[in-house]
$ cat upload28.tsv   # TSV, C-alpha atoms
chain	number	residue	atom	x	y	z
A	91	MET	CA	0.00	0.00	0.00
A	92	THR	CA	2.61	2.49	-1.10
A	93	GLN	CA	1.12	5.94	-1.10
A	94	GLU	CA	2.04	8.58	-3.65
A	95	PRO	CA	4.37	11.26	-2.24
A	96	TYR	CA	2.79	14.48	-1.00
A	97	GLY	CA	2.79	17.30	-3.55
A	98	ASP	CA	3.21	20.15	-1.08
A	99	PRO	CA	4.60	20.60	2.44
A	100	ALA	CA	1.24	21.66	3.93
A	101	SER	CA	-0.51	18.35	3.08
A	102	LEU	CA	2.42	16.39	4.47
A	103	LEU	CA	2.30	18.44	7.66
A	104	ARG	CA	-1.46	18.08	8.08
A	105	SER	CA	-1.31	14.31	7.75
A	106	VAL	CA	1.37	13.89	10.44
A	107	LEU	CA	0.85	16.86	12.72
A	108	ALA	CA	-0.87	14.88	15.50
A	109	ASP	CA	2.03	12.46	15.50
A	110	LEU	CA	4.64	15.24	15.49
A	111	ALA	CA	2.88	16.89	18.43
A	112	ARG	CA	2.88	13.59	20.29
A	113	ALA	CA	6.58	12.98	19.66
A	114	ALA	CA	7.58	16.54	20.59
A	115	TYR	CA	5.36	16.69	23.68
A	116	GLY	CA	6.36	13.19	24.75
A	117	LEU	CA	9.98	14.30	24.81
A	118	LEU	CA	9.51	17.83	26.13
A	119	GLY	CA	6.34	17.75	28.25
A	120	HIS	CA	5.86	21.46	27.77
A	121	TYR	CA	3.48	23.15	25.36
A	122	ALA	CA	5.67	26.04	24.17
A	123	ASP	CA	8.77	23.86	23.80
A	124	ALA	CA	6.84	21.23	21.86
A	125	GLU	CA	5.44	23.91	19.58
A	126	ASP	CA	8.95	25.29	19.02
A	127	ALA	CA	10.21	21.85	18.05
A	128	VAL	CA	7.39	21.35	15.56
A	129	GLN	CA	7.77	24.91	14.26
A	130	ASN	CA	11.51	24.48	13.67
A	131	GLY	CA	10.76	21.19	11.92
A	132	CYS	CA	8.28	22.97	9.65
A	133	PHE	CA	10.86	25.60	8.80
A	134	LYS	CA	13.36	22.91	7.80
A	135	LEU	CA	10.67	21.14	5.82
A	136	VAL	CA	9.92	24.31	3.86
A	137	MET	CA	13.62	25.00	3.28
A	138	ALA	CA	14.30	21.40	2.22
A	139	TRP	CA	11.08	20.91	0.26
A	140	PRO	CA	12.69	20.52	-3.18
A	141	ARG	CA	14.59	17.53	-1.77
A	142	VAL	CA	11.72	16.13	0.33
A	143	ALA	CA	9.38	16.41	-2.69
A	144	GLY	CA	11.75	14.06	-4.52
A	145	LEU	CA	11.47	11.22	-1.97
A	146	ALA	CA	9.90	8.09	-3.47
A	147	THR	CA	7.00	7.53	-1.09
A	148	ALA	CA	4.72	9.38	1.30
A	149	GLY	CA	6.05	7.14	4.07
A	150	GLU	CA	9.60	8.37	3.49
A	151	GLN	CA	8.40	11.94	3.58
A	152	ARG	CA	6.56	11.35	6.87
A	153	ALA	CA	9.64	9.62	8.31
A	154	TYR	CA	11.80	12.58	7.29
A	155	LEU	CA	9.54	15.02	9.09
A	156	ILE	CA	9.16	13.06	12.33
A	157	ARG	CA	12.94	12.53	12.49
A	158	ILE	CA	13.52	16.25	12.00
A	159	VAL	CA	11.02	17.16	14.72
A	160	ALA	CA	12.40	14.58	17.19
A	161	ASN	CA	15.89	16.00	16.63
A	162	GLU	CA	14.62	19.56	17.08
A	163	ALA	CA	13.14	18.43	20.42
A	164	LEU	CA	16.54	17.00	21.34
A	165	GLN	CA	18.18	20.35	20.54
A	166	ILE	CA	15.77	22.03	22.96
A	167	LEU	CA	16.40	19.38	25.64
A	168	ARG	CA	20.12	19.98	25.28
A	169	ASP	CA	19.86	23.76	25.43
A	170	PRO	CA	21.71	24.81	28.60
A	171	HIS	CA	19.41	27.82	28.90
A	172	ARG	CA	16.26	25.72	28.84
A	173	ARG	CA	13.83	27.23	31.28
A	174	TRP	CA	14.79	26.26	34.78
A	175	GLU	CA	11.20	26.31	36.05
A	176	HIS	CA	10.58	23.10	34.08
A	177	LEU	CA	12.40	21.36	36.87
A	178	GLY	CA	9.59	21.98	39.32
A	179	ALA	CA	6.96	21.06	36.76
A	180	GLU	CA	8.68	17.79	35.98
A	181	ALA	CA	8.91	16.93	39.66
A	182	ALA	CA	5.18	17.56	40.04
A	183	GLU	CA	4.54	15.44	36.95
A	184	ARG	CA	6.29	12.53	38.61
A	185	ALA	CA	4.26	13.10	41.76
A	186	VAL	CA	7.46	12.78	43.74
A	187	THR	CA	7.28	14.65	46.99
A	188	HIS	CA	9.83	12.86	49.11
A	189	HIS	CA	12.81	13.79	46.94
A	190	SER	CA	14.97	16.65	47.99
A	191	PHE	CA	15.93	19.52	45.74
A	192	GLU	CA	19.44	18.05	45.63
A	193	ASP	CA	18.02	14.82	44.22
A	194	GLU	CA	16.22	16.84	41.59
A	195	ILE	CA	19.42	18.61	40.62
A	196	GLN	CA	21.20	15.26	40.39
A	197	ALA	CA	18.42	13.85	38.20
A	198	LYS	CA	18.62	16.94	35.99
A	199	GLU	CA	22.37	16.53	35.65
A	200	ASP	CA	22.00	12.81	34.84
A	201	LEU	CA	19.41	13.62	32.18
A	202	ARG	CA	21.72	16.21	30.67
A	203	LEU	CA	24.34	13.47	30.23
A	204	VAL	CA	21.71	11.14	28.79
A	205	TRP	CA	20.55	13.67	26.17
A	206	LYS	CA	24.15	14.38	25.25
A	207	ALA	CA	24.87	10.65	24.83
A	208	ILE	CA	21.74	10.27	22.70
A	209	GLY	CA	22.80	13.27	20.63
A	210	ASP	CA	26.13	11.60	19.92
A	211	MET	CA	24.54	8.37	18.65
A	212	PRO	CA	24.55	7.52	14.93
A	213	ASP	CA	21.53	8.92	13.05
A	214	MET	CA	19.17	5.93	12.94
A	215	ARG	CA	19.87	4.77	16.49
A	216	ARG	CA	19.34	8.28	17.76
A	217	ASP	CA	16.02	8.58	15.94
A	218	VAL	CA	14.83	5.22	17.29
A	219	VAL	CA	15.84	6.15	20.84
A	220	LEU	CA	14.17	9.55	20.63
A	221	LEU	CA	10.85	8.01	19.59
A	222	ARG	CA	11.18	5.41	22.34
A	223	ALA	CA	11.82	8.19	24.86
A	224	ALA	CA	8.71	9.93	23.52
A	225	GLY	CA	6.69	6.88	24.60
A	226	TYR	CA	6.30	4.90	21.35
A	227	GLU	CA	6.07	1.09	21.15
A	228	TYR	CA	8.68	-0.76	19.07
A	229	ARG	CA	6.20	-1.54	16.29
A	230	ASP	CA	5.10	2.10	16.10
A	231	ILE	CA	8.70	3.29	15.90
A	232	ALA	CA	9.33	0.77	13.12
A	233	ALA	CA	6.27	1.94	11.17
A	234	ARG	CA	7.16	5.61	11.53
A	235	LEU	CA	10.80	5.26	10.53
A	236	GLY	CA	10.17	2.66	7.84
A	237	VAL	CA	12.41	-0.02	9.37
A	238	ASN	CA	11.88	-3.56	10.76
A	239	VAL	CA	10.88	-4.15	14.36
A	240	SER	CA	14.03	-6.23	14.76
A	241	THR	CA	16.12	-3.22	13.71
A	242	VAL	CA	14.37	-1.11	16.33
A	243	ARG	CA	14.97	-3.78	18.96
A	244	SER	CA	18.68	-4.02	18.22
A	245	HIS	CA	19.15	-0.24	18.23
A	246	ILE	CA	17.38	-0.01	21.60
A	247	SER	CA	19.48	-2.80	23.01
A	248	ASP	CA	22.71	-1.09	21.88
A	249	ALA	CA	21.46	2.23	23.22
A	250	ARG	CA	20.74	0.67	26.64
A	251	LYS	CA	24.32	-0.58	26.88
A	252	GLN	CA	25.62	2.81	25.87
A	253	LEU	CA	23.41	4.65	28.36
A	254	SER	CA	24.38	2.33	31.21
A	255	ARG	CA	27.97	3.39	30.59
A	256	THR	CA	26.84	7.02	30.63
A	257	LEU	CA	25.20	6.55	34.04
A	258	PRO	CA	27.38	3.91	35.71
A	259	ARG	CA	25.55	4.33	39.03
A	260	GLY	CA	22.25	3.63	37.31
A	261	TRP	CA	19.28	5.92	37.01
A	262	GLU	CA	17.86	6.99	40.34
A	263	GLY	CA	15.99	10.06	39.27
A	264	ALA	CA	12.53	8.53	39.24
B	106	MET	CA	6.54	3.85	45.90
B	107	SER	CA	4.82	2.96	42.71
B	108	THR	CA	7.57	3.90	40.28
B	109	GLY	CA	8.65	0.29	39.85
B	110	ASN	CA	12.17	1.02	41.03
B	111	SER	CA	12.46	-0.10	44.60
B	112	ALA	CA	15.13	1.53	46.69
B	113	GLY	CA	18.66	0.41	45.86
B	114	GLU	CA	17.67	-1.14	42.53
B	115	ARG	CA	19.12	0.46	39.45
B	116	GLY	CA	16.54	1.91	37.15
B	117	ASP	CA	16.86	2.02	33.39
B	118	VAL	CA	16.71	5.58	32.15
B	119	LEU	CA	15.30	4.64	28.75
B	120	ASP	CA	12.42	2.70	30.35
B	121	TRP	CA	11.76	5.68	32.59
B	122	LEU	CA	11.72	8.10	29.67
B	123	TYR	CA	9.43	5.76	27.73
B	124	GLU	CA	6.94	5.57	30.63
B	125	ARG	CA	7.04	9.33	31.00
B	126	GLY	CA	6.47	9.81	27.27
B	127	LYS	CA	3.54	7.40	27.36
B	128	ARG	CA	1.96	9.33	30.25
B	129	ARG	CA	2.42	12.58	28.38
B	130	ALA	CA	0.71	11.10	25.30
B	131	ALA	CA	-2.58	11.49	27.17
B	132	GLN	CA	-2.22	15.28	27.18
B	133	VAL	CA	-0.74	16.03	23.76
B	134	PRO	CA	-1.63	19.57	22.70
B	135	GLY	CA	-3.23	20.28	19.35
B	136	PHE	CA	-1.30	22.55	17.01
B	137	ASP	CA	-2.63	24.59	14.11
B	138	ALA	CA	-1.15	23.30	10.84
B	139	GLU	CA	-1.97	26.46	8.86
B	140	ARG	CA	-0.35	28.68	11.46
B	141	LEU	CA	2.79	26.52	11.63
B	142	MET	CA	3.11	26.51	7.83
B	143	GLY	CA	2.44	30.25	7.66
B	144	ARG	CA	5.24	30.97	10.11
B	145	ALA	CA	7.61	28.54	8.41
B	146	ARG	CA	7.00	30.08	4.98
B	147	ALA	CA	7.30	33.57	6.40
B	148	ALA	CA	10.57	32.66	8.10
B	149	ARG	CA	11.85	31.36	4.77
B	150	ASP	CA	10.73	34.51	3.00
B	151	ALA	CA	12.08	36.73	5.78
B	152	GLY	CA	15.19	36.51	3.68
B	153	ALA	CA	18.85	35.90	4.17
B	154	VAL	CA	21.04	37.15	6.93
B	155	ASP	CA	24.22	38.80	5.66
B	156	PHE	CA	23.34	38.40	2.02
B	157	TRP	CA	25.69	41.23	1.11
B	158	SER	CA	28.68	39.54	2.73
B	159	VAL	CA	28.34	36.40	0.59
B	160	LEU	CA	28.51	38.42	-2.62
B	161	SER	CA	31.83	39.03	-4.37
B	162	PRO	CA	32.83	42.62	-5.23
B	163	VAL	CA	31.79	42.02	-8.84
B	164	GLU	CA	28.41	40.67	-7.78
B	165	ARG	CA	27.89	43.61	-5.46
B	166	SER	CA	28.58	46.19	-8.12
B	167	HIS	CA	26.28	44.36	-10.54
B	168	PHE	CA	23.58	44.26	-7.86
B	169	GLU	CA	23.99	47.97	-7.13
B	170	SER	CA	23.78	48.97	-10.76
B	171	ALA	CA	20.64	46.89	-11.34
B	172	ALA	CA	18.93	48.08	-8.14
B	173	GLN	CA	17.37	51.33	-7.10
B	174	VAL	CA	18.14	53.07	-3.78
B	175	ARG	CA	15.02	53.75	-1.74
B	176	GLU	CA	14.55	55.45	1.65
B	177	PHE	CA	11.92	54.46	4.24
B	178	PRO	CA	11.02	56.71	7.20
B	179	PRO	CA	10.67	55.04	10.62
B	180	GLY	CA	7.49	52.97	10.99
B	181	THR	CA	6.78	52.67	7.28
B	182	ALA	CA	6.41	49.34	5.50
B	183	LEU	CA	9.03	48.16	3.03
B	184	MET	CA	6.54	45.49	2.02
B	185	ARG	CA	3.18	44.25	3.28
B	186	GLU	CA	1.81	40.78	3.97
B	187	GLY	CA	-0.68	39.75	1.27
B	188	GLU	CA	0.66	42.05	-1.45
B	189	GLN	CA	2.11	40.78	-4.70
B	190	ALA	CA	5.84	40.21	-4.26
B	191	ALA	CA	7.43	41.99	-7.18
B	192	GLU	CA	10.74	43.06	-5.61
B	193	VAL	CA	13.56	41.89	-3.37
B	194	MET	CA	15.52	44.29	-1.18
B	195	VAL	CA	18.92	44.43	0.44
B	196	LEU	CA	19.08	46.62	3.54
B	197	ARG	CA	21.99	49.07	3.49
B	198	VAL	CA	21.22	51.34	6.45
B	199	GLY	CA	18.93	50.84	9.45
B	200	TRP	CA	16.93	48.02	11.00
B	201	THR	CA	13.55	46.47	10.25
B	202	LYS	CA	11.21	43.96	11.87
B	203	VAL	CA	9.55	41.16	9.94
B	204	VAL	CA	6.01	40.72	11.26
B	205	LEU	CA	3.02	38.43	10.75
B	206	ASP	CA	-0.59	39.35	11.33
B	207	GLU	CA	-2.09	36.51	13.39
B	208	ASP	CA	-5.79	37.25	13.93
B	209	GLY	CA	-5.08	40.95	14.36
B	210	GLN	CA	-2.12	40.32	16.68
B	211	GLU	CA	1.29	41.36	15.46
B	212	ARG	CA	3.91	38.64	15.78
B	213	VAL	CA	7.54	39.61	15.18
B	214	ILE	CA	9.36	36.70	13.58
B	215	ALA	CA	12.69	38.31	12.76
B	216	GLU	CA	14.71	41.49	12.70
B	217	ARG	CA	16.77	42.36	9.68
B	218	GLY	CA	19.52	44.93	9.36
B	219	PRO	CA	22.38	46.11	7.16
B	220	GLY	CA	23.48	43.53	4.59
B	221	ASP	CA	20.37	41.35	4.97
B	222	LEU	CA	18.15	40.38	2.06
B	223	VAL	CA	14.41	40.76	2.68
B	224	GLY	CA	11.42	39.73	0.60
B	225	GLU	CA	12.94	36.57	-0.81
B	226	GLY	CA	9.40	35.63	-1.88
B	227	GLY	CA	9.89	38.28	-4.58
B	228	THR	CA	12.58	36.17	-6.21
B	229	GLU	CA	9.93	34.18	-8.07
B	230	PRO	CA	7.12	35.72	-10.10
B	231	GLY	CA	3.54	35.42	-8.83
B	232	ASN	CA	4.33	35.09	-5.11
B	233	VAL	CA	2.36	36.89	-2.43
B	234	ARG	CA	4.15	38.42	0.57
B	235	THR	CA	3.97	36.07	3.55
B	236	ALA	CA	5.01	38.76	6.06
B	237	SER	CA	5.34	42.52	6.40
B	238	VAL	CA	8.69	44.28	6.82
B	239	ILE	CA	8.55	47.50	8.85
B	240	ALA	CA	11.30	50.09	9.24
B	241	LEU	CA	12.35	50.47	12.90
B	242	GLY	CA	14.32	53.63	12.18
B	243	ARG	CA	15.32	55.38	8.99
B	244	VAL	CA	16.05	52.64	6.47
B	245	GLN	CA	17.86	52.75	3.16
B	246	ALA	CA	17.51	49.73	0.88
B	247	LEU	CA	18.63	48.56	-2.55
B	248	VAL	CA	15.45	47.51	-4.33
B	249	MET	CA	15.54	45.10	-7.26
B	250	THR	CA	12.60	43.92	-9.35
B	251	THR	CA	11.89	40.20	-9.67
B	252	ALA	CA	12.94	40.31	-13.33
B	253	SER	CA	16.27	42.03	-12.57
B	254	TYR	CA	16.92	39.59	-9.72
B	255	ALA	CA	16.24	36.67	-12.07
B	256	ALA	CA	18.78	38.13	-14.52
B	257	PHE	CA	21.27	38.62	-11.69
B	258	ILE	CA	20.90	35.00	-10.53
B	259	ASP	CA	21.17	33.85	-14.13
B	260	GLU	CA	24.55	35.48	-14.32
B	261	TYR	CA	25.72	34.29	-10.87
B	262	PRO	CA	23.89	30.98	-10.40
B	263	ASN	CA	25.68	29.98	-7.18
B	264	VAL	CA	24.38	33.00	-5.24
B	265	PRO	CA	21.05	31.53	-4.05
B	266	ASP	CA	22.75	28.36	-2.78
B	267	LEU	CA	25.30	30.35	-0.83
B	268	VAL	CA	22.53	32.42	0.65
B	269	LYS	CA	20.36	29.41	1.54
B	270	ARG	CA	23.22	27.71	3.29
B	271	GLN	CA	24.15	30.81	5.20
B	272	THR	CA	20.54	31.43	6.22
B	273	HIS	CA	20.19	27.91	7.48
B	274	GLU	CA	23.42	27.93	9.45
B	275	ARG	CA	22.62	31.28	11.00
B	276	ARG	CA	19.24	30.06	12.08
B	277	THR	CA	20.27	26.75	13.55
B	278	GLY	CA	23.95	27.24	14.27
B	279	ARG	CA	24.88	24.07	12.41
B	280	PRO	CA	24.89	22.67	8.90
B	281	GLU	CA	21.75	21.00	7.63
B	282	ARG	CA	21.46	17.27	8.25
B	283	PRO	CA	20.97	15.25	5.05
$ encode --input "upload28.tsv" --output "C-alpha cells"
Amino acid sequence: MTQEPYGDPASLLRSVLADLARAAYGLLGHYADAEDAVQNGCFKLVMAWPRVAGLATAGEQRAYLIRIVANEALQILRDPHRRWEHLGAEAAERAVTHHSFEDEIQAKEDLRLVWKAIGDMPDMRRDVVLLRAAGYEYRDIAARLGVNVSTVRSHISDARKQLSRTLPRGWEGA
Amino acid sequence: MSTGNSAGERGDVLDWLYERGKRRAAQVPGFDAERLMGRARAARDAGAVDFWSVLSPVERSHFESAAQVREFPPGTALMREGEQAAEVMVLRVGWTKVVLDEDGQERVIAERGPGDLVGEGGTEPGNVRTASVIALGRVQALVMTTASYAAFIDEYPNVPDLVKRQTHERRTGRPERP
C-alpha cells in the first residue's frame, strides 16, 4: 500500500501533525517547547522541500519530518538555557514529593548526560531512541521510521548498553 | 513507591523516559497546521542574513547597478503581507522587523539589518508576501525587481545556494542534516 508522495509541504504536515505533536510533547512535556520543536521542523521542511518532494513515497516523507522534529526536540532538551522552572513542573509530573531539591538537581544533571549521549549516537539509532523516549512502542517506531521491528529492537538494546555506561551508578531520578 | 524502582535497585533511564512519554501522550496539545506553515513560509521569505557579505565585489557592483536606492522613514512598510511580491531588497542602512498578522495580533518573527536580504518571496514571479517588513528607524535599501533579480541569478547561479546555506546555518547554528 505504497502511497504517492505528497505534492506540497502543507498536506504532508497536516497528515502527520498529530504524531509530530505527540513525539515533541512526549519528549519535552511542555506546550511552548513542543510547539517550538514542531515549528523548527516545519521551517526545515519548507527549506528542504525541493529535496523532500523528490522522496519516493509518502512514508519516506513522513519519516523525514518526524525525524527532523524529534531532533529539534533533542536540541531544545540539550539547550543549557532551557527554562529552569521546568524542573519543578517535571517533579510535580512525577508526583514525587519525598525527593529533595538536591536529588532533583542530580536527576537533571543525569538527564543532561543522557541527552548528550543520545545526541552523539549515529543517526538511525538516535532517531529510534528519541521516539522510544517519547513513549512509542517498538512496532510504532518501526512503522514511523520505515524499518523492521528487529532493527528497532537491536538499536534499543545497543542504546541501553551505551546509556548504562553514561550513568554507571544507574538511574535513580525517578 | 509505585515507580517500579524499589530503593537500591538500578533503574533504566530509557524505560523511565518511555513511561514518561507514554503518560504525556494522554495530554498532547493540538497545534494549528496552517499557522505553523504560515510561520515557516514567512521565516523562509524573511530573507537571508548577511546576504551582502556572501557576494563578491563584482556581484555587489552588478547588484547595485541593477537596483534602485530607496529610503523608508521610521514605521513605514518596506513590504506588506498579502501584497504581490514583485521586488527583493537588500538593507543598506537601518533596521527592520519582519512581522506576521495573526488574527489581528502582530507577531515579530525576525529582525533584519544592514546587509540582509528581505522579501525573498519576490525572487519568483507570482508570489504573495507572507510577512510585512517594517522600518524600525530610517532605512535605506537597494530595491531590485523580480525580473532584474532573475537576470542577476542567471549570471551568478551559485548565489542563491550560498545564501540558503548561510541562512540555514545562522538560524540553527549548524549545517543541515541530510
$ interface_residues --input "upload28.tsv" --of "chain B" --to "chain A" --cutoff "8 Å" --atoms "all atoms listed in the file" --output "number ranges by chain"
B: 108, 110, 115-130, 133-136, 138-139, 141-142, 144-146, 148-149
$ write_last_selection --input "upload28.tsv" --atoms "C-alpha atoms" --output "PDB file, keeping the file's coordinate frame"
ATOM      1  CA  THR B 108       7.570   3.900  40.280  1.00  0.00           C
ATOM      2  CA  ASN B 110      12.170   1.020  41.030  1.00  0.00           C
ATOM      3  CA  ARG B 115      19.120   0.460  39.450  1.00  0.00           C
ATOM      4  CA  GLY B 116      16.540   1.910  37.150  1.00  0.00           C
ATOM      5  CA  ASP B 117      16.860   2.020  33.390  1.00  0.00           C
ATOM      6  CA  VAL B 118      16.710   5.580  32.150  1.00  0.00           C
ATOM      7  CA  LEU B 119      15.300   4.640  28.750  1.00  0.00           C
ATOM      8  CA  ASP B 120      12.420   2.700  30.350  1.00  0.00           C
ATOM      9  CA  TRP B 121      11.760   5.680  32.590  1.00  0.00           C
ATOM     10  CA  LEU B 122      11.720   8.100  29.670  1.00  0.00           C
ATOM     11  CA  TYR B 123       9.430   5.760  27.730  1.00  0.00           C
ATOM     12  CA  GLU B 124       6.940   5.570  30.630  1.00  0.00           C
ATOM     13  CA  ARG B 125       7.040   9.330  31.000  1.00  0.00           C
ATOM     14  CA  GLY B 126       6.470   9.810  27.270  1.00  0.00           C
ATOM     15  CA  LYS B 127       3.540   7.400  27.360  1.00  0.00           C
ATOM     16  CA  ARG B 128       1.960   9.330  30.250  1.00  0.00           C
ATOM     17  CA  ARG B 129       2.420  12.580  28.380  1.00  0.00           C
ATOM     18  CA  ALA B 130       0.710  11.100  25.300  1.00  0.00           C
ATOM     19  CA  VAL B 133      -0.740  16.030  23.760  1.00  0.00           C
ATOM     20  CA  PRO B 134      -1.630  19.570  22.700  1.00  0.00           C
ATOM     21  CA  GLY B 135      -3.230  20.280  19.350  1.00  0.00           C
ATOM     22  CA  PHE B 136      -1.300  22.550  17.010  1.00  0.00           C
ATOM     23  CA  ALA B 138      -1.150  23.300  10.840  1.00  0.00           C
ATOM     24  CA  GLU B 139      -1.970  26.460   8.860  1.00  0.00           C
ATOM     25  CA  LEU B 141       2.790  26.520  11.630  1.00  0.00           C
ATOM     26  CA  MET B 142       3.110  26.510   7.830  1.00  0.00           C
ATOM     27  CA  ARG B 144       5.240  30.970  10.110  1.00  0.00           C
ATOM     28  CA  ALA B 145       7.610  28.540   8.410  1.00  0.00           C
ATOM     29  CA  ARG B 146       7.000  30.080   4.980  1.00  0.00           C
ATOM     30  CA  ALA B 148      10.570  32.660   8.100  1.00  0.00           C
ATOM     31  CA  ARG B 149      11.850  31.360   4.770  1.00  0.00           C
TER      32      ARG B 149
END
$ residues_around --input "upload28.tsv" --residues "Ser244 in chain A" --least-positions-apart "3" --cutoff "12 Å" --atoms "all atoms listed in the file" --output "ChimeraX atom specification"
/A:214-215,218-219,228,232,237-241,247-251
$ atom_distance --input "upload28.tsv" --atom1 "CA of Trp200 in chain B" --atom2 "CA of Asp155 in chain B"
12.9 Å
$ atom_distance --input "upload28.tsv" --atom1 "CA of Glu186 in chain B" --atom2 "CA of Val159 in chain B"
27.1 Å
$ atom_distance --input "upload28.tsv" --atom1 "CA of Asp150 in chain B" --atom2 "CA of Gln151 in chain A"
22.7 Å
$ closest_residue --input "upload28.tsv" --among "A:Gly236, A:Arg229, A:Val242, A:Leu164" --to "Arg202 in chain A" --atoms "only C-alpha atoms"
A:Leu164
$ decode --input "upload28.tsv" --residues "range 95-112 of chain A" --atoms "N, CA and C atoms" --output "short mmCIF file (atom, residue, chain, number, x, y, z; two decimals), in the first residue's frame"
data_model
loop_
_atom_site.label_atom_id
_atom_site.label_comp_id
_atom_site.auth_asym_id
_atom_site.auth_seq_id
_atom_site.Cartn_x
_atom_site.Cartn_y
_atom_site.Cartn_z
N PRO A 95 3.80 10.19 -3.08
CA PRO A 95 4.37 11.26 -2.24
C PRO A 95 3.44 12.48 -2.20
N TYR A 96 3.57 13.25 -1.13
CA TYR A 96 2.79 14.48 -1.00
C TYR A 96 3.33 15.52 -1.99
N GLY A 97 2.39 16.32 -2.55
CA GLY A 97 2.79 17.30 -3.55
C GLY A 97 3.18 18.65 -2.97
N ASP A 98 2.85 18.87 -1.69
CA ASP A 98 3.21 20.15 -1.08
C ASP A 98 3.43 19.94 0.41
N PRO A 99 4.25 20.81 1.03
CA PRO A 99 4.60 20.60 2.44
C PRO A 99 3.40 20.69 3.37
N ALA A 100 2.38 21.51 3.02
CA ALA A 100 1.24 21.66 3.93
C ALA A 100 0.45 20.36 4.06
N SER A 101 0.26 19.61 2.95
CA SER A 101 -0.51 18.35 3.08
C SER A 101 0.28 17.32 3.87
N LEU A 102 1.59 17.30 3.66
CA LEU A 102 2.42 16.39 4.47
C LEU A 102 2.26 16.74 5.95
N LEU A 103 2.40 18.02 6.26
CA LEU A 103 2.30 18.44 7.66
C LEU A 103 0.96 18.07 8.27
N ARG A 104 -0.13 18.36 7.54
CA ARG A 104 -1.46 18.08 8.08
C ARG A 104 -1.63 16.60 8.40
N SER A 105 -1.08 15.75 7.54
CA SER A 105 -1.31 14.31 7.75
C SER A 105 -0.52 13.77 8.93
N VAL A 106 0.56 14.43 9.33
CA VAL A 106 1.37 13.89 10.44
C VAL A 106 1.41 14.78 11.67
N LEU A 107 0.69 15.88 11.64
CA LEU A 107 0.85 16.86 12.72
C LEU A 107 0.54 16.27 14.10
N ALA A 108 -0.52 15.44 14.19
CA ALA A 108 -0.87 14.88 15.50
C ALA A 108 0.29 14.03 16.03
N ASP A 109 0.92 13.31 15.12
CA ASP A 109 2.03 12.46 15.50
C ASP A 109 3.26 13.29 15.90
N LEU A 110 3.50 14.36 15.16
CA LEU A 110 4.64 15.24 15.49
C LEU A 110 4.43 15.86 16.87
N ALA A 111 3.18 16.28 17.13
CA ALA A 111 2.88 16.89 18.43
C ALA A 111 3.11 15.86 19.54
N ARG A 112 2.70 14.62 19.27
CA ARG A 112 2.88 13.59 20.29
C ARG A 112 4.36 13.33 20.55
#
